[in-house]
Each structure stands twice: as C-alpha cells, then as structure tokens.
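Engineer: First the structure, then my questions, so here it is.
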Amino acid sequence: MPGRRAFLAGTAGLACALVLRPAAATPESMLAAIRALTGGVAPRTGRVRIEVPPLSENGNVVPLTVAVDSPMTPAEHVRAIHVFSEKNPDPRVLSVHLGPRSGRALLSTRIRLADTQTVIAVAELSDGSFWEQSASVVVTLAACLEELPS
Amino acid sequence: MSGRVLVTVPRTARRGEIIEIRTLAQHVMETGYRRNEVGRPIPRDIVRLFVCTYNGVEVFRAELHSAIAANPYLVFTTVATESGTLAFRWSGDNGYTATESVAISVT
C-alpha cells in the first residue's frame with residue numbers, strides 16, 4: 001500500500017523535523033565537542049578505522065565498529081575512543097576507555113542517527129596524540145520516526 | 001530499578017589470548033529529545049556508564065549518550081591474564097543499575 005506508507009512517512013517526517021530542529025547539533029558544535037576533548041588541538045587523520053554501513057534504512061539501529069591501529073602495549077596503546085555525530089541533538093555518541101589489557105583497540109556497538117550525516121571517531125593515544133577518521137551515513141528512516149505514536 | 005542483561009565471554013582461554021566480550025542490556029534508552037502525544041518532552045532515561053572489571057581491576061569503561069541505540073550493545077576485547085571473574089556493571093538515569101559476572105578459566 002504505497003499510498004498509506006507515503007502518508008505515514010510524510011506525517012512522521014514532519015513531526016520529526018518539528019521535534020528535532022530546536023536541539024539539533026551542527027558540524028560546528030561537533031567540532032567544538034572534539035576540541036573540548038583534545039584541548040584545542042585538531043586530531044590528525046588516520047590510524048582509526050571506522051566501519052558503518054554507507055546506507056542505513058533505520059537510523060534507530062546503526063551498527064558501528066571502530067578499530068585503531070596500535071600495538072596496545074604498556075608503552076604504546078590507545079587510551080580512549082570517542083565517537084561524535086554531526087547532526088544528532090547531542091554531538092557525543094560514546095566514549096570508551098581502553099588500555100594495554102584490552103589487547104586490541106576495537107569497539108562495536110549500535111548507534112542512533114537522526115539524519116544523513118557524518119560520524120567521526122577520535123582515538124586518544126598513550127603518547128597524548130589524537131587521531132580521527134570520519135564516515136558518511138545516508139539514513140532513510142531517521143532515528144525519531146519509528147517510535148511515534150501511531 | 002534493574003534490568004535483564006546478556007554477556008558472552010569464552011569460558012576458557014589460554015593465558016595471553018585476546019578474548020572478545022559481547023554485552024547487551026535490556027533498556028529503552030529514552031533520548032530525552034522526544035515528545036509525547038500532547039507535546040510534552042519525554043524525560044531522558046538512558047544507561048550512562050558501563051564498566052567491566054577483571055578480578056577487580058577495571059579493563060574497559062564506556063560512557064554512553066542518547067545516541068546509543070535501545071538495548072545498548074557493546075563488543076570489546078581483553079587479554080586473558082588469569083583465571084577468575086569478569087564483572088560487568090551498567091548504571092544510568094533514574095537509579096538504573098544492572099550487574100553480571102562470569103567465571104573464566106585461563107590455562
């Protein structure tokens with residue numbers, strides 16, 4: 001029933017826009033959140049691998065994997081991985097704290113994306129340096145649509 | 001308030017082996033950005049912190065925000081150092097806590 005679906009998608013989209021617009025983060029607020037973390041230093045690009053589907057049908061559940069190229073020894077390891085989103089109401093997604101006992105700098109989770117946008121993973125290394133990688137995700141059903149009262 | 005959780009850890013491992021740990025907590029993760037039928041904001045109710053300890057020593061910690069999907073799922077790794085207990089603790093808004101522990105035998 002394309003008519004009913006189109007109608008539902010249309011009304012839900014309108015409601016979603018009304019709900020999210022006042023609070024939506026901007027690329028600037030995401031950069032500000034990253035700068036707050038790094039103490040003003042821009043992270044270098046590289047060493048981080050971010051795996052996220054390029055096209056996501058449901059923004060409520062988007063699988064995300066972040067891996068960082070590091071030997072994870074006491075002398076040289078990843079201290080933390082931080083994930084940011086560009087257009088969610090809050091740019092922060094999650095922060096995880098690792099160490100040499102992690103063995104690998106690897107994290108998988110499932111995130112919400114309010115819109116088609118860029119996701120950035122920032123790795124904080126034991127030498128104090130920051131590295132980042134970004135990925136773009138096209139979201140066809142934004143994160144706030146599914147749970148609207150029908 | 002507490003909820004159901006699910007943890008997958010290998011029961012046995014060789015010393016020095018890197019093991020994968022998968023965790024899932026049953027939780028709505030209400031973002032705090034949605035509104036109800038009459039336009040009132042629905043208050044935030046999320047899991048904010050997850051900590052994994054290995055024989056009492058913290059090996060992994062995650063701070064979660066509203067952008068984590070409902071029923072937060074986390075996969076991470078740790079080095080199997082010795083036999084003992086892996087303990088997991090989730091905590092969040094409205095006094096939410098959940099705990100789980102798993103024994104591991106390291107040879």
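All residue names refer to the structure tokens as shown: chains lettered A, B, ... in order, residues numbered from 1 in each chain, ligands numbered from 1 in order.
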Could you tell me which residues of chain B sit within 9 Å of chain A when counting only C-alpha atoms, and give me the result as a PyMOL selection string?
Structural biologist: chain B and resi 16-19+22+33-37+59-70+72-81
Engineer: Print the selection's residues with N, CA and C atoms to a file, as an mmCIF file, in the first residue's frame.
Structural biologist:
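File produced: part_22.cif:
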```cif
data_model
loop_
_atom_site.group_PDB
_atom_site.id
_atom_site.type_symbol
_atom_site.label_atom_id
_atom_site.label_comp_id
_atom_site.auth_asym_id
_atom_site.auth_seq_id
_atom_site.Cartn_x
_atom_site.Cartn_y
_atom_site.Cartn_z
ATOM 1 N N GLY B 16 47.228 -15.053 27.927
ATOM 2 C CA GLY B 16 47.736 -14.119 26.918
ATOM 3 C C GLY B 16 46.841 -13.988 25.694
ATOM 4 N N GLU B 17 45.859 -14.868 25.603
ATOM 5 C CA GLU B 17 44.940 -14.817 24.462
ATOM 6 C C GLU B 17 44.031 -13.587 24.565
ATOM 7 N N ILE B 18 43.751 -12.978 23.412
ATOM 8 C CA ILE B 18 42.819 -11.842 23.398
ATOM 9 C C ILE B 18 41.412 -12.393 23.207
ATOM 10 N N ILE B 19 40.552 -12.143 24.187
ATOM 11 C CA ILE B 19 39.186 -12.667 24.092
ATOM 12 C C ILE B 19 38.197 -11.541 23.787
ATOM 13 N N ARG B 22 31.037 -9.759 24.520
ATOM 14 C CA ARG B 22 29.847 -9.102 23.957
ATOM 15 C C ARG B 22 28.828 -8.907 25.062
ATOM 16 N N TYR B 33 14.838 13.673 23.882
ATOM 17 C CA TYR B 33 14.559 14.646 22.816
ATOM 18 C C TYR B 33 13.191 14.442 22.191
ATOM 19 N N ARG B 34 12.478 13.399 22.630
ATOM 20 C CA ARG B 34 11.173 13.128 22.023
ATOM 21 C C ARG B 34 10.076 13.782 22.847
ATOM 22 N N ARG B 35 8.925 13.937 22.198
ATOM 23 C CA ARG B 35 7.771 14.495 22.887
ATOM 24 C C ARG B 35 6.623 13.514 22.806
ATOM 25 N N ASN B 36 5.733 13.575 23.781
ATOM 26 C CA ASN B 36 4.588 12.668 23.776
ATOM 27 C C ASN B 36 3.456 13.247 22.928
ATOM 28 N N GLU B 37 2.278 12.597 22.963
ATOM 29 C CA GLU B 37 1.151 12.968 22.095
ATOM 30 C C GLU B 37 0.713 14.413 22.306
ATOM 31 N N VAL B 59 39.075 -3.027 33.244
ATOM 32 C CA VAL B 59 39.732 -3.236 31.953
ATOM 33 C C VAL B 59 39.004 -2.524 30.808
ATOM 34 N N PHE B 60 37.768 -2.104 31.044
ATOM 35 C CA PHE B 60 37.014 -1.416 29.992
ATOM 36 C C PHE B 60 35.934 -0.577 30.641
ATOM 37 N N ARG B 61 35.750 0.630 30.095
ATOM 38 C CA ARG B 61 34.725 1.536 30.615
ATOM 39 C C ARG B 61 34.110 2.267 29.435
ATOM 40 N N ALA B 62 32.807 2.418 29.425
ATOM 41 C CA ALA B 62 32.140 3.143 28.341
ATOM 42 C C ALA B 62 31.172 4.154 28.916
ATOM 43 N N GLU B 63 31.256 5.387 28.424
ATOM 44 C CA GLU B 63 30.279 6.417 28.771
ATOM 45 C C GLU B 63 29.328 6.554 27.592
ATOM 46 N N LEU B 64 28.050 6.342 27.860
ATOM 47 C CA LEU B 64 27.069 6.334 26.784
ATOM 48 C C LEU B 64 26.235 7.615 26.798
ATOM 49 N N HIS B 65 25.772 7.995 25.625
ATOM 50 C CA HIS B 65 24.894 9.151 25.492
ATOM 51 C C HIS B 65 23.604 8.716 24.782
ATOM 52 N N SER B 66 22.724 9.710 24.532
ATOM 53 C CA SER B 66 21.417 9.373 23.954
ATOM 54 C C SER B 66 21.506 8.733 22.575
ATOM 55 N N ALA B 67 22.645 8.886 21.894
ATOM 56 C CA ALA B 67 22.785 8.351 20.539
ATOM 57 C C ALA B 67 23.099 6.861 20.508
ATOM 58 N N ILE B 68 23.129 6.219 21.670
ATOM 59 C CA ILE B 68 23.304 4.765 21.683
ATOM 60 C C ILE B 68 21.916 4.131 21.554
ATOM 61 N N ALA B 69 21.806 3.157 20.654
ATOM 62 C CA ALA B 69 20.517 2.535 20.362
ATOM 63 C C ALA B 69 19.945 1.835 21.598
ATOM 64 N N ALA B 70 18.634 1.655 21.603
ATOM 65 C CA ALA B 70 17.964 0.927 22.685
ATOM 66 C C ALA B 70 18.628 -0.433 22.871
ATOM 67 N N PRO B 72 21.500 -1.249 24.803
ATOM 68 C CA PRO B 72 22.896 -0.992 24.440
ATOM 69 C C PRO B 72 23.738 -2.265 24.317
ATOM 70 N N TYR B 73 24.409 -2.333 23.175
ATOM 71 C CA TYR B 73 25.197 -3.500 22.799
ATOM 72 C C TYR B 73 26.636 -3.038 22.679
ATOM 73 N N LEU B 74 27.537 -3.706 23.384
ATOM 74 C CA LEU B 74 28.943 -3.315 23.339
ATOM 75 C C LEU B 74 29.792 -4.558 23.125
ATOM 76 N N VAL B 75 30.707 -4.467 22.174
ATOM 77 C CA VAL B 75 31.661 -5.547 21.933
ATOM 78 C C VAL B 75 33.058 -4.977 22.121
ATOM 79 N N PHE B 76 33.881 -5.644 22.930
ATOM 80 C CA PHE B 76 35.251 -5.188 23.159
ATOM 81 C C PHE B 76 36.124 -6.398 23.455
ATOM 82 N N THR B 77 37.413 -6.157 23.660
ATOM 83 C CA THR B 77 38.330 -7.272 23.886
ATOM 84 C C THR B 77 39.115 -7.061 25.173
ATOM 85 N N THR B 78 39.636 -8.153 25.700
ATOM 86 C CA THR B 78 40.561 -8.057 26.823
ATOM 87 C C THR B 78 41.522 -9.234 26.730
ATOM 88 N N VAL B 79 42.680 -9.093 27.405
ATOM 89 C CA VAL B 79 43.664 -10.167 27.413
ATOM 90 C C VAL B 79 43.351 -11.095 28.586
ATOM 91 N N ALA B 80 43.255 -12.403 28.300
ATOM 92 C CA ALA B 80 43.023 -13.386 29.359
ATOM 93 C C ALA B 80 44.325 -13.521 30.150
ATOM 94 N N THR B 81 44.355 -12.932 31.351
ATOM 95 C CA THR B 81 45.597 -12.913 32.126
ATOM 96 C C THR B 81 45.650 -14.028 33.165
#
```
Engineer: How would you write, as JSON, numbers by chain, the set of residues in chain B that DSSP gives as strand (DSSP E or B)?
Structural biologist: {"B": [5, 6, 7, 8, 12, 13, 18, 19, 20, 21, 22, 23, 24, 25, 30, 35, 41, 45, 47, 48, 49, 50, 51, 52, 53, 54, 57, 58, 59, 60, 61, 62, 63, 64, 68, 73, 74, 75, 76, 77, 78, 79, 84, 85, 86, 87, 88, 89, 90, 91, 92, 97, 98, 99, 100, 101, 102, 103, 104, 105, 106]}
Engineer: Between atom CA of Leu141 of chain A and atom CA of Asn58 of chain A, what is the distance, to one decimal in Å?
Structural biologist: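 Pair atom CA of Leu141 of chain A / atom CA of Asn58 of chain A returns 5.0 Å.
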Engineer: For Glu30 of chain B, find every residue with an atom within 8 Å (counting only C-alpha atoms), except residues of its own chain fewer than 4 positions away, and show them as a list in words.
Structural biologist: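 The residues that qualify are Ile42, Pro43, Arg44, Asp45, Ile46, Ser66 and Ala70 of chain B.
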Engineer: Which of these, B:Ala103, B:Ile21, B:Phe88, B:Pro10, has the shortest distance to Thr53 of chain B once you count only C-alpha atoms?
Structural biologist: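 With only C-alpha atoms as the atom set, the closest residue is B:Phe88.
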Engineer: Need the shell around Gly56 of chain B: protein/DNA/RNA residues with any atom at most 10 Å away, counting only C-alpha atoms. Skip same-chain ones fewer than 6 positions apart. Format as a ChimeraX atom specification?
Structural biologist: /B:84-87
Engineer: Can you list, as JSON, numbers by chain, every protein, DNA or RNA residue that comes within 9 Å of Ser70 of chain A when you count only C-alpha atoms, leaving out same-chain residues fewer than 6 positions away?
Structural biologist: {"A": [47, 76, 77, 78, 104, 105, 125]}
Engineer: The selected residues should be written to file as a short mmCIF file (atom, residue, chain, number, x, y, z; two decimals), in the first residue's frame (atoms: C-alpha atoms).
Structural biologist:
```cif
data_model
loop_
_atom_site.label_atom_id
_atom_site.label_comp_id
_atom_site.auth_asym_id
_atom_site.auth_seq_id
_atom_site.Cartn_x
_atom_site.Cartn_y
_atom_site.Cartn_z
CA ARG A 47 45.21 5.20 12.28
CA GLU A 76 52.12 2.45 23.29
CA HIS A 77 48.37 1.99 23.44
CA VAL A 78 45.04 3.63 22.82
CA ARG A 104 43.19 -4.76 20.70
CA ALA A 105 41.75 -1.30 20.22
CA LEU A 125 46.75 7.57 22.30
#
```
Engineer: Identify which of the residues A:Ala135, A:Val41, A:Ala121, A:Ala142 lies closest to Pro53 of chain A, counting only C-alpha atoms when measuring atom-to-atom distances.
Structural biologist: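 For Pro53 of chain A, the nearest of the candidates is A:Ala135.
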Engineer: Residues at most 10 Å from Arg11 of chain B, counting only C-alpha atoms, excluding those fewer than 4 positions away in the same chain, as JSON, numbers by chain?
Structural biologist: {"B": [83, 102, 103, 104, 105, 106]}
Engineer: Would you mind exporting the chosen residues as a PDB file, in the first residue's frame, restricted to all heavy atoms?
Structural biologist:
```pdb
ATOM      1  N   SER B  83      42.889 -16.949  35.666  1.00  0.00           N
ATOM      2  CA  SER B  83      41.538 -17.434  35.970  1.00  0.00           C
ATOM      3  C   SER B  83      40.890 -16.503  36.971  1.00  0.00           C
ATOM      4  O   SER B  83      41.571 -15.909  37.805  1.00  0.00           O
ATOM      5  CB  SER B  83      41.608 -18.843  36.560  1.00  0.00           C
ATOM      6  OG  SER B  83      42.080 -19.734  35.581  1.00  0.00           O
ATOM      7  N   VAL B 102      30.914 -13.350  35.268  1.00  0.00           N
ATOM      8  CA  VAL B 102      31.163 -14.591  34.544  1.00  0.00           C
ATOM      9  C   VAL B 102      32.541 -15.110  34.962  1.00  0.00           C
ATOM     10  O   VAL B 102      33.500 -14.339  35.048  1.00  0.00           O
ATOM     11  CB  VAL B 102      31.142 -14.338  33.018  1.00  0.00           C
ATOM     12  CG1 VAL B 102      31.511 -15.598  32.255  1.00  0.00           C
ATOM     13  CG2 VAL B 102      29.785 -13.825  32.559  1.00  0.00           C
ATOM     14  N   ALA B 103      32.595 -16.406  35.232  1.00  0.00           N
ATOM     15  CA  ALA B 103      33.891 -17.003  35.590  1.00  0.00           C
ATOM     16  C   ALA B 103      34.629 -17.401  34.328  1.00  0.00           C
ATOM     17  O   ALA B 103      34.031 -17.857  33.356  1.00  0.00           O
ATOM     18  CB  ALA B 103      33.669 -18.224  36.475  1.00  0.00           C
ATOM     19  N   ILE B 104      35.948 -17.197  34.335  1.00  0.00           N
ATOM     20  CA  ILE B 104      36.757 -17.613  33.199  1.00  0.00           C
ATOM     21  C   ILE B 104      37.920 -18.452  33.727  1.00  0.00           C
ATOM     22  O   ILE B 104      38.493 -18.143  34.779  1.00  0.00           O
ATOM     23  CB  ILE B 104      37.239 -16.409  32.357  1.00  0.00           C
ATOM     24  CG1 ILE B 104      38.024 -16.894  31.135  1.00  0.00           C
ATOM     25  CG2 ILE B 104      38.064 -15.425  33.187  1.00  0.00           C
ATOM     26  CD1 ILE B 104      38.277 -15.823  30.110  1.00  0.00           C
ATOM     27  N   SER B 105      38.219 -19.533  32.996  1.00  0.00           N
ATOM     28  CA  SER B 105      39.325 -20.399  33.378  1.00  0.00           C
ATOM     29  C   SER B 105      40.456 -20.207  32.371  1.00  0.00           C
ATOM     30  O   SER B 105      40.277 -20.422  31.184  1.00  0.00           O
ATOM     31  CB  SER B 105      38.815 -21.848  33.388  1.00  0.00           C
ATOM     32  OG  SER B 105      39.890 -22.732  33.440  1.00  0.00           O
ATOM     33  N   VAL B 106      41.599 -19.768  32.857  1.00  0.00           N
ATOM     34  CA  VAL B 106      42.742 -19.464  31.980  1.00  0.00           C
ATOM     35  C   VAL B 106      43.840 -20.474  32.228  1.00  0.00           C
ATOM     36  O   VAL B 106      44.242 -20.712  33.371  1.00  0.00           O
ATOM     37  CB  VAL B 106      43.249 -18.025  32.227  1.00  0.00           C
ATOM     38  CG1 VAL B 106      44.480 -17.732  31.385  1.00  0.00           C
ATOM     39  CG2 VAL B 106      42.153 -17.022  31.926  1.00  0.00           C
TER      40      VAL B 106
END
```
Engineer: At a cut-off of 12 Å, using only C-alpha atoms, what residues contact Glu100 of chain B? Leave out same-chain residues fewer than 3 positions from it and give the result as an MDAnalysis selection string.
Structural biologist: chainID B and resid 2:9 23:25 50:53 85:90 97 103
Engineer: Figure out the distance between atom CA of Asn71 of chain B and atom CA of Thr140 of chain A, please, to one decimal in Å.
Structural biologist: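 Pair atom CA of Thr140 of chain A / atom CA of Asn71 of chain B returns 21.6 Å.
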